[in-house]
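Asker: I have a structure here, written as structure tokens, and I will follow up with some questions on it.
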Amino acid sequence: MTDSTETHDPPHALERVVIRFAGDSGDGMQLVGDRFTDASAVFGNDLATLPNYPAEIRAPAGTIAGVSSFQVHIADYDIVTPGDVPNLLVAMNPAALKANIGDLVPGAAIIANSDAFETRNLEKAGYESNPLEDGSLDEFRLSPVPMTSLTIEATKESGAKPRDAARSKNFFALGLISWMYSRPVEPIIAWIDERFGKSQIVHDANLAAFKAGFHFGETTELFGHAYEVHPAQLPPGRYRNISGNVAVAYGLIAAGRQAKLPVLYASYPITPASDILHELSKHKNFGVRTVQAEDEIAAIGVAIGGAFAGHLAVTATSGPGVDLKAEALGLAVSLELPLVLIDVQRGGPSTGLPTKTEQADLLLAMYGRHGEAPLPIVAAISPSDCFDAAFEGARLALEYRTPVIVLTDGYLANGSEPWRFPDVDVLPDISVPFTTEANHLGADGTLEFWPYLRDEQTLARPWAIPGTPGLMHRIGGIEKQDGTGNVNYEPENHERMTHLRAEKIARIAADIPPAVVDDPDGDARLLVVGWGSTHGAIQAGARRIRARAMSVATLQLTHLNPFPANLGEVLGRYAKVLVPEMNLGQLSRLLRAEFLVDAQRLNKVQGLPFRAAEIEAKMLELIDG
Amino acid sequence: MADEVTLTRKDFASDQEVRWCPGCGDYSVLTALQLLMPELGVRPENQVFVSGIGCSSRFPYYMNTYGIHSIHGRAPAVATGIAVARPDLDVWVITGDGDALSIGGNHFIHALRRNVNLTILLFNNQIYGLTKGQYSPTSEVGKVTKSSPFGSLDHPFNPVSLALAAEATFVARTHDMDRKHMQAVFRRAYEHRGAAFVEIYQNCNVFNDGAFEEITGKDKRADMLIELHHGEPIRFGAERELGVRVNRYGEAEIVPVAEVGESALLVHDEHRYDPTVAFALSRLAEHPVSPTPVGIFRSVERPTYDGEVQAQLAAAQDRRSPGDLRALIESGSVWEVV
Ligand code: SF4
């Protein structure tokens with residue numbers, strides 16, 4: 001036993017720490033990660049998270065394929081990524097250790113559930129000897145803790161059977177790590193009360209396991225002392241933690257409110273987009289109609305019907321669903337109706353990597369329809385920015401009467417970060433009036449309604465909804481006569497309409513923010529252009545470069561079609577341009593084609609986001625070269 | 001609601017020139033519906049016609065109402081969106097055998113099972129007309145067409161059977177040679193709350209002329225069309241000498257009334273909730289060359305999808321009061337940085 005003065009050794013302060021919880025899919029690692037994150041958020045740390053789980057619901061227990069992990073990065077300053085390298089790995093079984101050990105650097109800490117390191121599990125993970133005992137982990141700070149047996153012991157009084165009691169071991173781990181990093185326990189206990197209040201035995205077992213883990217840390221002085229990561233000094237404001245999918249849902253609800261339109265959301269279940277449907281279906285008191293359609297095509301069909309009928313129509317999906325929706329998206333382009341399609345990108349092609357992230361749908365969004373079928377594309381750059389991206393998508397769709405694709409990805413969708421949320425009173429009004437009057441004087445002197453008579457500035461066509469007397473009209477996917485909207489096959493008319501549709505989208509460039517470069521030193525020769533979720537890694541990489549007293553400029557694009565009006569000029573100011581993307585070079589291809597700029601590529605398609613170090617290394621290479 | 005101004009057919013006809021082939025059965029359906037509309041007492045601005053792709057799917061262009069000529073097979077999905085958004089509108093789906101039963105089969109059956117408040121008119125001509133004559137999912141086996149020079153191998157759907165199996169609450173059949181019958185069926189379909197399905201035997205005189213001649217020809221009807229009338233024993237024939245009864249296997253069969261007596265005949269009950277008997281009736285004629293039932297097979301009440309959507313919205317607002325965005329955003333743990 002250590003004496004009591006030592007056990008009250010004050011916690012050591014850390015600026016930041018990266019913790020990875022890893023276990024079997026059934027071990028509840030995502031839950032532990034979420035709770036730890038929430039407690040850290042309430043405490044005031046800045047943070048970023050990276051959940052990583054298998055596509056199979058029940059991958060064989062104990063195998064590498066079944067490992068699920070959750071990485072959280074907490075800091076006392078503003079951070080932008082979930083961290084490159086974990087400082088601490090919590091491994092609930094041998095497979096979790098094996099799957100994650102390669103990401104650790106010497107000196108990192110490992111806490112392993114030693115109870116799980118028995119012969120069968122070791123075999124399943126492919127270990128010939130027990131790594132907790134054979135010295136192979138000597139370069140790390142290893143702490144084996146018999147979590148399963150300690151949990152069973154601690155939960156005896158809850159009345160849970162040993163088998164069930166063992167399932168609370170994730171709460172033991174949570175308690176232990178909460179002690180190690182001096183987390184406030186109140187939010188976690190309150191959550192356990194709320195979540196398991198209905199089931200006394202489960203509630204008591206989880207609470208007992210959590211407390212036992214916390215006390216275990218305190219009394220055994222694991223690593224000698226606890227750590228502390230002080231609250232971050234973030235910009236003043238009110239914050240909450242939010243994931244990308246929830247932020248999309250809130251952004252859509254906000255857009256409906258600011259457009260004064262009911263939201264009609266139709267989708268078909270697909271990973272990793274389903275949580276948007278789950279979230280929105282809870283909020284019927286906002287007048288949100290959710291339709292779980294029979295398939296992806298039906299989902300966009302329902303949305304198109306809703307748009308025609310005067311609702312803010314939205315559908316969301318992932319890559320395979322975008323493929324299926326292509327024809328209907330072309331119809332929406334032709335009908336010129338407002339529609340938001342959210343593509344939560346995942347690894348492809350085909351089923352690909354359903355639970356992993358990728359950014360390989362950019363060219364699909366740009367060109368994935370037959371005929372000339374342009375539409376605006378907006379991309380979210382962080383989990384909380386998904387709110388703004390969804391809102392912006394809705395704004396453009398309504399203003400220009402066009403389908404809009406909003407690109408997020410699996411990393412943004414499931415990752416979370418503190419969100420300095422907006423005051424709802426200052427959200428802009430994005431409402432557009434329905435047309436209620438005839439708009440054209442016919443040859444015989446009578447007033448008539450022309451559904452394709454455009455607004456001179458935006459080129460948007462009038463939106464006259466069913467139920468409006470006198471404005472009855474028919475629209476369809478067949479080419480329409482400019483103005484009247486009647487079926488028309490004339491060559492010149494088709495060419496004019498094709499140009500009009502393209503011009504309408506091109507004019508949006510004047511209605512979006514210009515590209516703003518971050519170049520604090522003002523003398524950078526290298527510009528790094530990113531889009532979407534690479535934002536954090538690029539920022540972190542750039543900070544490292546600047547910490548080396550070198551200069552680099554960064555630019556994160558949120559509007560990919562059309563590009564900001566000044567983009568060509570901005571690119572031309574730099575000697576070198578680098579485009580990191582989680583694909584094989586889709587934005588770089590667009591930039592090259594559009595601006596004849598020698599955009600160099602940095603590509604990663606591992607289903608995981610970039611690490612700051614990878615971006616930093618490439619930046620260094622280009623700065624030196 | 002009595003309208004002050006009495007509308008006429010003209011009020012429901014658009015200024016677009018109708019472009020079906022001369023003699024096409026689609027004309028008579030259009031006329032029947034345009035004439036019926038004023039009688040239904042509806043306003044053109046509250047009617048929405050949604051179609052897919054095919055000859056019949058040009059229909060919305062000719063109606064002076066709101067309309068969408070959508071993409072192949074997807075009309076029921078688009079129409080569902082309109083109905084869910086706007087229960088104040090009357091939404092019609094115009095489709096064909098290829099559109100509804102081949103490329104759009106999935107949307108068709110799901111609109112029926114959900115009981116979305118739609119009136120679905122399926123123009124069945126047993127052929128692909130717009131693409132110039134390939135066999136369709138209702139063509140008979142062995143049909144020789146451009147895409148089946150040695151005869152089609154596909155076993156066809158019976159659209160009425162399919163609709164009944166898909167839990168449709170209203171299922172009927174009519175044909176393009178009898179305006180009065182069409183109008184009576186369309187009216188009932190319009191008045192039905194929920195998904196109403198009407199199969200219309202429609203002659204394509206260019207690619208499949210006479211497909212229904214054997215049963216709808218003026219001199220054939222008495223013997224070949226079995227008119228279903230609710231509450232009446234099912235009888236047909238020039239002398240009403242034939243009838244329909246259900247045998248011990250639950251199958252419908254045609255019997256001479258003189259032999260079995262009228263009391264043995266099936267009394268048609270369109271409101272029977274169990275669809276078994278209606279299904280048996282739909283199996284009476286495998287092809288439109290033997291006596292075929294027309295009229296309303298089934299008409300039962302079930303909550304509509306769009307109605308239930310509205311009810312859930314209202315209940316949520318009652319329970320939790322109308323949504324407050326600020327409260328929503330601030331749900332969960334919130335902290336302040338000063
Ligand atoms: S091809 Fe047949 S169905 Fe089509 S318009 Fe001509 S006759 Fe009518």
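Just so we're on the same page: first chain in the structure tokens is A, next is B, and so on; residues restart at 1 for each chain, and ligands are numbered from 1 in the order they show up.
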How close does chain A get to chain B? List, as a tab-separated table, each residue of chain A within 7 Å, its nearest atom pair and the distance in Å to one decimal, counting only C-alpha atoms.
Answerer:
```
residue	atom	partner	partner_atom	distance
A:Val42	CA	B:Trp335	CA	6.1
A:Leu234	CA	B:Val337	CA	6.7
A:Pro235	CA	B:Val337	CA	6.9
A:Pro236	CA	B:Val337	CA	4.6
A:Gly237	CA	B:Val337	CA	5.3
A:Arg238	CA	B:Glu336	CA	4.4
A:Tyr239	CA	B:Trp335	CA	5.3
A:Arg240	CA	B:Val334	CA	4.7
A:Ala254	CA	B:Leu325	CA	6.8
A:Lys284	CA	B:Leu313	CA	5.2
A:Asn285	CA	B:Gln317	CA	4.4
A:Phe286	CA	B:Gly323	CA	4.3
A:Gly287	CA	B:Leu313	CA	6.0
A:Glu294	CA	B:His110	CA	6.8
A:Ala298	CA	B:Ala77	CA	5.1
A:Gly301	CA	B:Val78	CA	4.5
A:Val302	CA	B:Gly81	CA	3.9
A:Ala303	CA	B:Gly81	CA	5.9
A:Ile304	CA	B:Val78	CA	6.0
A:Gly305	CA	B:Gly81	CA	4.3
A:Gly306	CA	B:Gly81	CA	4.6
A:Ala309	CA	B:Ile82	CA	5.5
A:His311	CA	B:Ala85	CA	6.8
A:Val424	CA	B:Arg326	CA	6.1
A:Pro466	CA	B:Tyr66	CA	6.0
A:Gly467	CA	B:Asn46	CA	4.8
A:Thr468	CA	B:Glu45	CA	5.9
A:Pro469	CA	B:Glu45	CA	5.3
A:Met472	CA	B:Tyr66	CA	4.8
A:His473	CA	B:Tyr66	CA	5.0
A:Arg474	CA	B:Gly67	CA	4.4
A:Ile475	CA	B:Ile68	CA	5.1
A:Gly476	CA	B:His69	CA	4.2
A:Gly477	CA	B:Ser70	CA	6.0
```
Asker: What do you get as a ChimeraX atom specification if you pick all residues at most 10 Å from ligand 1, counting only C-alpha atoms and all ligand atoms?
Answerer: /B:18-27,54-58,96,123-133,202-209
Asker: Store the residues picked out above, limited to N, CA, C and O atoms, as a compact mmCIF listing (two decimals), in the first residue's frame.
Answerer:
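part.txt written:
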```
# COMPACT_ATOMS: atom_id res chain seq x y z
N VAL B 18 -53.37 16.81 -78.14
CA VAL B 18 -53.23 15.42 -77.70
C VAL B 18 -52.53 14.62 -78.80
O VAL B 18 -52.92 14.68 -79.96
N ARG B 19 -51.49 13.88 -78.40
CA ARG B 19 -50.64 13.28 -79.43
C ARG B 19 -50.56 11.76 -79.41
O ARG B 19 -49.53 11.19 -79.78
N TRP B 20 -51.59 11.11 -78.93
CA TRP B 20 -51.57 9.64 -79.06
C TRP B 20 -51.90 9.27 -80.49
O TRP B 20 -52.48 10.06 -81.26
N CYS B 21 -51.58 8.01 -80.86
CA CYS B 21 -51.90 7.55 -82.21
C CYS B 21 -53.42 7.63 -82.41
O CYS B 21 -54.18 7.34 -81.48
N PRO B 22 -53.85 7.97 -83.59
CA PRO B 22 -55.29 7.97 -83.85
C PRO B 22 -55.86 6.58 -83.54
O PRO B 22 -55.27 5.57 -83.90
N GLY B 23 -56.96 6.56 -82.84
CA GLY B 23 -57.60 5.29 -82.52
C GLY B 23 -57.13 4.65 -81.24
O GLY B 23 -57.64 3.61 -80.83
N CYS B 24 -56.17 5.26 -80.57
CA CYS B 24 -55.64 4.69 -79.32
C CYS B 24 -56.70 4.73 -78.23
O CYS B 24 -57.46 5.70 -78.11
N GLY B 25 -56.73 3.70 -77.43
CA GLY B 25 -57.70 3.64 -76.34
C GLY B 25 -57.50 4.73 -75.29
O GLY B 25 -58.43 5.04 -74.52
N ASP B 26 -56.32 5.33 -75.26
CA ASP B 26 -56.06 6.38 -74.27
C ASP B 26 -57.03 7.55 -74.43
O ASP B 26 -57.40 8.20 -73.45
N TYR B 27 -57.44 7.82 -75.68
CA TYR B 27 -58.35 8.95 -75.90
C TYR B 27 -59.64 8.78 -75.11
O TYR B 27 -60.16 9.73 -74.52
N GLY B 54 -44.21 6.35 -70.59
CA GLY B 54 -44.98 5.45 -71.44
C GLY B 54 -46.04 6.28 -72.15
O GLY B 54 -46.19 7.47 -71.88
N CYS B 55 -46.77 5.63 -73.07
CA CYS B 55 -47.78 6.39 -73.81
C CYS B 55 -48.78 7.03 -72.86
O CYS B 55 -49.04 8.24 -72.91
N SER B 56 -49.34 6.23 -71.96
CA SER B 56 -50.38 6.76 -71.07
C SER B 56 -49.84 7.84 -70.16
O SER B 56 -50.58 8.72 -69.71
N SER B 57 -48.54 7.81 -69.90
CA SER B 57 -47.97 8.78 -68.96
C SER B 57 -47.91 10.19 -69.52
O SER B 57 -47.56 11.13 -68.81
N ARG B 58 -48.28 10.36 -70.80
CA ARG B 58 -48.43 11.73 -71.33
C ARG B 58 -49.72 12.38 -70.84
O ARG B 58 -49.95 13.57 -71.06
N GLY B 96 -48.79 2.71 -66.62
CA GLY B 96 -49.08 1.64 -67.57
C GLY B 96 -48.56 0.31 -67.06
O GLY B 96 -48.03 0.23 -65.95
N PHE B 123 -53.17 1.87 -67.12
CA PHE B 123 -53.60 1.60 -68.50
C PHE B 123 -52.88 0.33 -68.95
O PHE B 123 -51.69 0.37 -69.25
N ASN B 124 -53.61 -0.76 -68.97
CA ASN B 124 -52.98 -2.03 -69.32
C ASN B 124 -53.26 -2.35 -70.79
O ASN B 124 -54.38 -2.69 -71.15
N ASN B 125 -52.23 -2.22 -71.63
CA ASN B 125 -52.40 -2.59 -73.04
C ASN B 125 -51.54 -3.81 -73.40
O ASN B 125 -51.41 -4.17 -74.56
N GLN B 126 -50.94 -4.39 -72.38
CA GLN B 126 -50.18 -5.64 -72.54
C GLN B 126 -49.04 -5.54 -73.56
O GLN B 126 -48.67 -6.53 -74.18
N ILE B 127 -48.48 -4.33 -73.67
CA ILE B 127 -47.38 -4.15 -74.63
C ILE B 127 -46.61 -2.87 -74.26
O ILE B 127 -47.15 -2.02 -73.56
N TYR B 128 -45.35 -2.78 -74.69
CA TYR B 128 -44.64 -1.51 -74.60
C TYR B 128 -44.92 -0.73 -75.88
O TYR B 128 -44.46 -1.14 -76.96
N GLY B 129 -45.69 0.35 -75.76
CA GLY B 129 -46.05 1.12 -76.94
C GLY B 129 -45.00 2.15 -77.30
O GLY B 129 -44.52 2.21 -78.43
N LEU B 130 -44.59 2.94 -76.30
CA LEU B 130 -43.70 4.07 -76.57
C LEU B 130 -42.37 3.62 -77.16
O LEU B 130 -41.77 4.31 -77.98
N THR B 131 -41.90 2.45 -76.74
CA THR B 131 -40.63 1.95 -77.27
C THR B 131 -40.87 1.05 -78.48
O THR B 131 -39.98 0.33 -78.90
N LYS B 132 -42.08 1.07 -78.96
CA LYS B 132 -42.46 0.46 -80.24
C LYS B 132 -42.52 -1.06 -80.23
O LYS B 132 -41.96 -1.72 -81.10
N GLY B 133 -43.21 -1.58 -79.22
CA GLY B 133 -43.68 -2.94 -79.36
C GLY B 133 -42.87 -4.08 -78.81
O GLY B 133 -42.65 -5.07 -79.51
N GLN B 202 -56.83 -1.37 -72.02
CA GLN B 202 -56.73 -0.28 -73.00
C GLN B 202 -56.12 -0.81 -74.28
O GLN B 202 -55.08 -1.46 -74.27
N ASN B 203 -56.80 -0.53 -75.36
CA ASN B 203 -56.32 -1.05 -76.65
C ASN B 203 -55.20 -0.19 -77.22
O ASN B 203 -55.33 1.02 -77.34
N CYS B 204 -54.09 -0.83 -77.56
CA CYS B 204 -53.03 -0.18 -78.32
C CYS B 204 -53.20 -0.66 -79.74
O CYS B 204 -52.81 -1.78 -80.08
N ASN B 205 -53.84 0.19 -80.56
CA ASN B 205 -54.19 -0.28 -81.90
C ASN B 205 -52.99 -0.35 -82.83
O ASN B 205 -53.07 -0.88 -83.92
N VAL B 206 -51.84 0.15 -82.40
CA VAL B 206 -50.66 0.09 -83.27
C VAL B 206 -49.83 -1.16 -83.01
O VAL B 206 -49.42 -1.84 -83.93
N PHE B 207 -49.60 -1.48 -81.72
CA PHE B 207 -48.69 -2.60 -81.44
C PHE B 207 -49.36 -3.84 -80.85
O PHE B 207 -48.73 -4.87 -80.72
N ASN B 208 -50.62 -3.70 -80.44
CA ASN B 208 -51.26 -4.87 -79.84
C ASN B 208 -52.77 -4.79 -80.07
O ASN B 208 -53.56 -4.97 -79.15
N ASP B 209 -53.12 -4.52 -81.30
CA ASP B 209 -54.52 -4.25 -81.60
C ASP B 209 -55.39 -5.46 -81.28
O ASP B 209 -55.03 -6.60 -81.56
```
Asker: Quick one: of A:Asn130, A:Thr402, A:Ser178, A:Ser158, who's nearest to Ala208 (chain A), counting only C-alpha atoms?
Answerer: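 Among the listed residues, the smallest separation from Ala208 (chain A) belongs to A:Ser158.
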Asker: Quick one: DSSP strand (DSSP E) residues in region 375-613 of chain A, as a PyMOL selection string?
Answerer: chain A and resi 377-379+403-409+416-420+440-441+447-448+474-476+526-531+553-557+559-561+576-581+599-603
Asker: Which residue, A:Gln539, A:Gln556, A:Ser334, A:Gln600, has the smallest gap to Ile615 (chain A) when you use only C-alpha atoms?
Answerer: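 Answer, going by the shortest atom-to-atom distance: A:Gln539.
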Asker: List as a CSV table (one decimal) with N, CA and C atoms, in the first residue's frame the protein and nucleic acid residues near Pro354 (chain A), meaning an atom at most 10 Å away when only C-alpha atoms are counted, but skip any in the same chain fewer than 2 places from it.
Answerer:
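Ended up saving to part_15.csv:
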```csv
chain,number,residue,atom,x,y,z
A,53,TYR,N,-15.7,1.5,-36.2
A,53,TYR,CA,-16.3,0.2,-35.8
A,53,TYR,C,-16.5,-0.6,-37.0
A,54,PRO,N,-16.7,-1.9,-36.8
A,54,PRO,CA,-16.8,-2.8,-38.0
A,54,PRO,C,-18.2,-2.7,-38.6
A,55,ALA,N,-18.3,-3.1,-39.9
A,55,ALA,CA,-19.5,-3.0,-40.6
A,55,ALA,C,-20.5,-4.1,-40.2
A,56,GLU,N,-20.0,-5.2,-39.7
A,56,GLU,CA,-20.8,-6.3,-39.3
A,56,GLU,C,-21.4,-6.0,-37.9
A,270,ILE,N,-29.4,3.6,-44.5
A,270,ILE,CA,-28.1,3.3,-45.1
A,270,ILE,C,-27.0,3.8,-44.1
A,271,THR,N,-26.0,3.1,-43.9
A,271,THR,CA,-24.9,3.5,-43.1
A,271,THR,C,-24.0,4.4,-44.0
A,272,PRO,N,-23.5,5.5,-43.5
A,272,PRO,CA,-23.6,6.1,-42.2
A,272,PRO,C,-24.6,7.3,-42.1
A,318,SER,N,-25.9,7.6,-48.7
A,318,SER,CA,-24.5,7.4,-48.9
A,318,SER,C,-24.2,7.0,-50.3
A,319,GLY,N,-23.0,6.8,-50.7
A,319,GLY,CA,-22.6,6.6,-52.1
A,319,GLY,C,-23.6,5.7,-52.9
A,320,PRO,N,-23.8,4.5,-52.4
A,320,PRO,CA,-24.6,3.6,-53.2
A,320,PRO,C,-26.0,4.2,-53.4
A,345,GLN,N,-20.6,10.5,-47.3
A,345,GLN,CA,-19.7,9.6,-48.0
A,345,GLN,C,-19.1,8.5,-47.2
A,346,ARG,N,-18.9,7.4,-47.8
A,346,ARG,CA,-18.2,6.2,-47.2
A,346,ARG,C,-17.3,5.6,-48.2
A,347,GLY,N,-16.5,4.7,-47.8
A,347,GLY,CA,-15.5,4.0,-48.7
A,347,GLY,C,-16.3,3.2,-49.8
A,348,GLY,N,-15.8,3.4,-51.0
A,348,GLY,CA,-16.4,2.7,-52.2
A,348,GLY,C,-15.3,2.0,-52.9
A,350,SER,N,-19.0,0.2,-54.8
A,350,SER,CA,-20.0,-0.8,-54.4
A,350,SER,C,-20.2,-0.6,-52.9
A,351,THR,N,-20.4,-1.7,-52.2
A,351,THR,CA,-20.6,-1.7,-50.8
A,351,THR,C,-19.4,-1.1,-50.1
A,352,GLY,N,-18.3,-1.4,-50.6
A,352,GLY,CA,-17.0,-0.8,-50.1
A,352,GLY,C,-16.8,-1.0,-48.6
A,356,LYS,N,-16.6,3.2,-42.8
A,356,LYS,CA,-15.4,4.0,-42.9
A,356,LYS,C,-15.6,5.2,-43.8
A,357,THR,N,-14.7,6.1,-43.6
A,357,THR,CA,-14.9,7.4,-44.3
A,357,THR,C,-14.1,7.5,-45.5
A,358,GLU,N,-14.5,8.3,-46.5
A,358,GLU,CA,-13.8,8.6,-47.7
A,358,GLU,C,-14.4,9.8,-48.3
A,410,GLY,N,-18.4,9.9,-43.4
A,410,GLY,CA,-18.5,9.0,-42.2
A,410,GLY,C,-17.8,9.6,-41.0
A,607,GLY,N,-9.9,4.6,-45.4
A,607,GLY,CA,-11.1,4.6,-44.6
A,607,GLY,C,-11.0,5.4,-43.4
```
Asker: Can you measure CA of Glu581 (chain A) to CA of Gly23 (chain A) for me? One decimal in Å is fine.
Answerer: 29.5 Å
Asker: For each of B:Ala311, B:Leu266, B:Ala196, B:Val144, take the minimum atom-to-atom distance to Val160 (chain B), counting only C-alpha atoms, then give the residue where this is smallest.
Answerer: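 Comparing B:Ala311, B:Leu266, B:Ala196, B:Val144 against Val160 (chain B), the winner is B:Ala196.
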Asker: Please list as a ChimeraX atom specification every residue within 6 Å of Asn603 (chain A), counting only C-alpha atoms and excluding residues in the same chain fewer than 6 positions away.
Answerer: /A:580-584
Asker: For those residues, write all heavy atoms to a file as an mmCIF file, in the first residue's frame.
Answerer:
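To be explicit, this is the file written out as result13.cif:
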```
data_model
loop_
_atom_site.group_PDB
_atom_site.id
_atom_site.type_symbol
_atom_site.label_atom_id
_atom_site.label_comp_id
_atom_site.auth_asym_id
_atom_site.auth_seq_id
_atom_site.Cartn_x
_atom_site.Cartn_y
_atom_site.Cartn_z
ATOM 1 N N PRO A 580 -4.745 17.836 -50.495
ATOM 2 C CA PRO A 580 -4.906 16.551 -49.810
ATOM 3 C C PRO A 580 -6.373 16.112 -49.859
ATOM 4 O O PRO A 580 -7.261 16.910 -49.575
ATOM 5 C CB PRO A 580 -4.505 16.853 -48.352
ATOM 6 C CG PRO A 580 -3.994 18.277 -48.357
ATOM 7 C CD PRO A 580 -4.603 18.949 -49.537
ATOM 8 N N GLU A 581 -6.620 14.883 -50.229
ATOM 9 C CA GLU A 581 -7.998 14.383 -50.307
ATOM 10 C C GLU A 581 -8.031 12.913 -49.960
ATOM 11 O O GLU A 581 -7.110 12.171 -50.282
ATOM 12 C CB GLU A 581 -8.540 14.490 -51.740
ATOM 13 C CG GLU A 581 -8.661 15.862 -52.304
ATOM 14 C CD GLU A 581 -9.090 15.803 -53.767
ATOM 15 O OE1 GLU A 581 -10.302 15.736 -54.010
ATOM 16 O OE2 GLU A 581 -8.216 15.816 -54.647
ATOM 17 N N MET A 582 -9.167 12.480 -49.410
ATOM 18 C CA MET A 582 -9.357 11.053 -49.144
ATOM 19 C C MET A 582 -9.987 10.400 -50.379
ATOM 20 O O MET A 582 -11.100 9.866 -50.352
ATOM 21 C CB MET A 582 -10.247 10.861 -47.915
ATOM 22 C CG MET A 582 -9.588 11.356 -46.631
ATOM 23 S SD MET A 582 -10.572 10.920 -45.195
ATOM 24 C CE MET A 582 -11.924 12.054 -45.330
ATOM 25 N N ASN A 583 -9.299 10.523 -51.500
ATOM 26 C CA ASN A 583 -9.689 9.892 -52.756
ATOM 27 C C ASN A 583 -8.426 9.909 -53.608
ATOM 28 O O ASN A 583 -7.359 10.238 -53.104
ATOM 29 C CB ASN A 583 -10.852 10.654 -53.413
ATOM 30 C CG ASN A 583 -10.498 12.108 -53.683
ATOM 31 O OD1 ASN A 583 -9.419 12.419 -54.179
ATOM 32 N ND2 ASN A 583 -11.405 13.015 -53.342
ATOM 33 N N LEU A 584 -8.539 9.597 -54.884
ATOM 34 C CA LEU A 584 -7.321 9.566 -55.696
ATOM 35 C C LEU A 584 -7.085 10.869 -56.466
ATOM 36 O O LEU A 584 -6.384 10.877 -57.477
ATOM 37 C CB LEU A 584 -7.349 8.362 -56.651
ATOM 38 C CG LEU A 584 -7.312 6.994 -55.956
ATOM 39 C CD1 LEU A 584 -7.178 5.868 -56.981
ATOM 40 C CD2 LEU A 584 -6.182 6.906 -54.933
#
```
Asker: Can you measure CA of Gly330 (chain A) to CA of Val432 (chain A) for me? One decimal in Å is fine.
Answerer: 22.8 Å
Asker: I want to know what sits within 7 Å of Met224 (chain B), based on only C-alpha atoms, with residues of the same chain fewer than 4 positions away left out; could you give that as a list in words?
Answerer: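 Everything that qualifies: Ile215, Lys220, Ser290, Pro291 and Thr292 of chain B.
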Asker: Which residues come within 6 Å of Phe140 (chain A), counting only C-alpha atoms, excluding same-chain residues fewer than 3 positions away, as a VMD selection string?
Answerer: chain A and resid 106 to 109 137
